[in-house]
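To start, the structure itself, in structure tokens.
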Amino acid sequence: MSRLSVAKTYKLFIAGAFSRTESGRSLKIDAPDGPVHLCRASRKDLRNAVEAARKAQPSWADANAFLRSQIFYRLAEMMEGKRDELIASIRCESEPPSRDEACREVEASIDRVVHYAGWCDKYPQVVGCANPVSGPYHNFTIPEPVGVVALVCPDARPLLGLVSLLAPAICTGNAVVTLASERNGVPACVLAEAAATSDLPAGVLNILTGLHEELLPHLAPHREVGAITALNPTPQYTRTLREGVAENLKRVTIFDADPMSPDAQGPEWISATVDHKTLWHPSAT
Amino acid sequence: MTAPTVDRVMADQRAASFRTRSIKTTTKRTLLRLALAMVDLTTLEGKDSPGKVRALCAKAVRPMPDDQRVLGERLPPVAAVCVYPTLVPVAREAIDRLQDDLPRERRVRVASVATGFPSGQYPLDVRLRDVREAVAAGADEIDMVINRGAFLAGHSDEVGDEIRRVVDACGEAHLKVILETGELETYDNIRQASDLAISCIREGDFIKTSTGKVSPAATMGVTLVMLESIRDAHLRDSRVIGMKPAGGIRDAKTALHYLVMVGETLGRSWLTPARFRFGASSLVNDLLRQIVRQEVGVYPASYDFAEA
């Protein structure tokens with residue numbers, strides 16, 4: 001007698017918990033191995049995710065940089081352990097990439113997490129500076145996380161695109177709300193499982209699957225969100241984002257890059273989600 | 001004195017059922033503003049200073065200073081500020097200064113906790129003096145704690161006598177009797193204490209769940225038991241007693257659930273600040289967030305509103 005396998009129902013990842021969408025709606029992907037169902041997140045899920053990120057952010061930013069980098073390494077370890085599942089998840093599309101192609105994407109994603117693990121405790125030294133001023137003062141400029149960051153992931157490279165936005169945002173102490181790839185949200189859900197077992201505090205990473213068209217008009221003007229980064233969005237989504245932030249002038253950074261290229265990482269990506277604070281300190285002379 | 005027994009499972013189930021009502025658009029709009037007008041804006045900390053109390057009073061009188069610009073309407077003030085007895089003169093002075101254009105009975109009310117809040121473990125004459133001094137300093141309302149030790153020891157008469165003595169000490173001031181339900185252990189005790197308190201106080205006085213210093217504070221189940229006690233007193237001899245859940249009500253959604261519960265248990269006539277209050281502080285900002293979200297369409301940030 002053949003065994004009936006247990007199919008996975010993918011859920012949202014909010015405040016460290018895998019919860020169903022409040023709306024009860026779902027999205028269906030017609031993958032070659034059979035249909036896959038995902039949550040279609042609503043405006044209220046988005047609201048809850050932002051609240052969770054807001055709550056988690058201060059203690060994540062207070063954690064010392066070395067600890068954050070260790071947690072990044074741990075995340076890379078967990079992704080390595082989920083390698084086969086990640087590869088299969090990338091291929092959950094109606095026209096899936098080859099297994100080799102998916103494998104390269106997963107490897108590049110893990111490498112990218114390790115890349116930013118290194119940046120966690122080096123970024124402030126590289127970007128921060130001591131400014132020459134006239135007068136008996138030390139003058140420092142140091143980068144600080146903006147707080148809650150929203151990420152808008154591209155359709156192509158659903159895992160690597162996500163990691164390329166996610167890692168630079170949280171390595172400095174931001175908490176993020178992620179709109180996963182619209183075409184294939186499954187890799188984001190699998191990544192959430194890796195994140196949940198990597199000591200990343202609950203709420204630092206929140207992942208929503210759903211239609212960007214529905215969520216962006218509420219996300220962009222949300223005043224609790226401090227910055228938005230998007231990778232290769234459509235012109236229409238770029239427009240929605242720019243219109244939404246017009247009222248409160250939060251920072252939107254649109255990256256136009258091939259995630260597989262080594263240019264799609266580095267300190268410029270981190271700079272999109274930090275603010276610079278300059279301090280004057282009397283010098284002891 | 002015999003109070004009916006309470007089936008805890010059924011009471012909790014009934015209380016949970018009020019969470020399933022769908023409240024949208026106009027109803028939500030009205031109820032959010034009503035909830036705002038029902039808040040007893042509270043600060044009860046050892047570190048309370050005159051400055052903190054003055055800031056609280058400003059928030060109470062004008063919960064959102066830029067409401068005209070953002071919403072195009074003036075939001076109602078909250079029902080009362082609730083402070084420790086030593087800070088009553090500060091609150092009185094601040095409210096009178098901020099609302100000198102209104103007659104005193106229409107101003108935000110000044111409530112003071114008294115009778116050795118929060119434990120009540122002091123000699124009776126000390127507790128009564130506490131009440132008299134708060135009233136003399138200008139308190140419109142007194143929030144007293146009952147003697148839980150005596151109640152749990154079975155000395156209901158003693159508890160009742162003490163409440164009556166406090167009623168006398170209050171004079172014109174309204175009284176709210178805090179049962180501290182988190183310490184009464186069972187719903188039966190809560191029902192009995194509610195009936196006892198209601199039999200001792202005057203019309204227009206309140207019974208109140210908690211001090212906010214004990215967990216669990218206000219829950220919907222506990223509040224339902226107390227509301228039913230008020231309802232039975234009203235059906236029996238047409239007396240009107242108010243209700244104040246306090247502690248743990250932080251978001252607008254929960255506040256709306258409470259209003260549904262009050263409306264469906266006691267009727268619409270109880271949906272007024274004269275008969276129902278929320279003891280809360282952070283609730284106000286969440287109500288404001290929901291009001292702004294509903295009118296403007298954008299989710300405001302938590303730092304868009306002043307701390308209370």
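Every chain in the structure tokens has a letter given in the order shown (A, B, ...), and although residue numbers restart at 1 in each chain, ligands are simply numbered from 1 in the order shown.
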
Self-check item: Within 9 Å of Val260 (chain B) using only C-alpha atoms, minus same-chain residues under 5 positions, as number ranges by chain
Solution: B: 18-19, 21, 255, 265

Quiz item: Would you list which chain A residues are within 8 Å of chain B using only C-alpha atoms, as an NGL selection string?
Solution: :A and (218 or 221-225)

Quiz item: Leaving out region 71-80 of chain B and any residue of its chain fewer than 4 positions from it, which residues lie within 9 Å of it when counting only C-alpha atoms, given as JSON, numbers by chain?
Solution: {"B": [33, 34, 35, 36, 37, 38, 39, 40, 41, 42, 57, 59, 60, 61, 62, 63, 64, 65, 66, 67, 107, 108, 109, 110, 111, 141, 273, 274, 277, 284, 291, 292, 295, 296]}

Practice problem: Tell me, as number ranges by chain, which residues lie within 7 Å of region 154-167 of chain B, counting only C-alpha atoms; anything in the same chain fewer than 4 positions away does not count. | Solution: B: 128, 146-147, 150, 175, 196-197, 200-201

Please, which residues of region 57-289 of chain B, numbered as in this document, come out strand (DSSP E) from DSSP, as a short mmCIF file (atom, residue, chain, number, x, y, z; two decimals) with C-alpha atoms, in the first residue's frame?
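Output file result_30.cif is given in full below:
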```
data_model
loop_
_atom_site.label_atom_id
_atom_site.label_comp_id
_atom_site.auth_asym_id
_atom_site.auth_seq_id
_atom_site.Cartn_x
_atom_site.Cartn_y
_atom_site.Cartn_z
CA ALA B 80 -11.25 61.75 33.54
CA VAL B 81 -7.64 61.73 34.65
CA CYS B 82 -6.82 59.27 37.41
CA VAL B 83 -3.88 59.98 39.74
CA ARG B 109 -13.05 64.96 35.84
CA VAL B 110 -10.24 64.48 38.31
CA ALA B 111 -10.26 61.01 39.81
CA SER B 112 -8.03 59.96 42.66
CA VAL B 113 -7.24 56.50 43.89
CA ALA B 114 -7.50 56.36 47.66
CA GLU B 141 -14.17 60.87 41.80
CA ILE B 142 -12.59 58.46 44.23
CA ASP B 143 -11.32 55.01 43.22
CA MET B 144 -11.23 52.91 46.42
CA VAL B 145 -9.91 49.39 46.92
CA HIS B 174 -18.46 59.80 42.88
CA LEU B 175 -17.08 56.51 44.07
CA LYS B 176 -15.58 53.61 42.16
CA VAL B 177 -15.10 50.41 44.10
CA ILE B 178 -12.10 48.37 42.94
CA PHE B 206 -19.09 52.50 39.80
CA ILE B 207 -17.64 49.09 40.38
CA LYS B 208 -14.20 48.56 38.90
CA GLY B 242 -21.52 52.15 36.42
CA MET B 243 -18.74 49.80 35.37
CA LYS B 244 -15.03 50.38 34.86
CA PHE B 278 -12.01 52.35 30.60
CA GLY B 279 -9.11 52.62 33.02
CA ALA B 280 -6.19 52.89 30.61
#
```

Practice problem: For CA of Ser181 (chain A) and CA of Pro154 (chain A), quote the distance in Å rounded to one decimal. | Solution: 5.3 Å
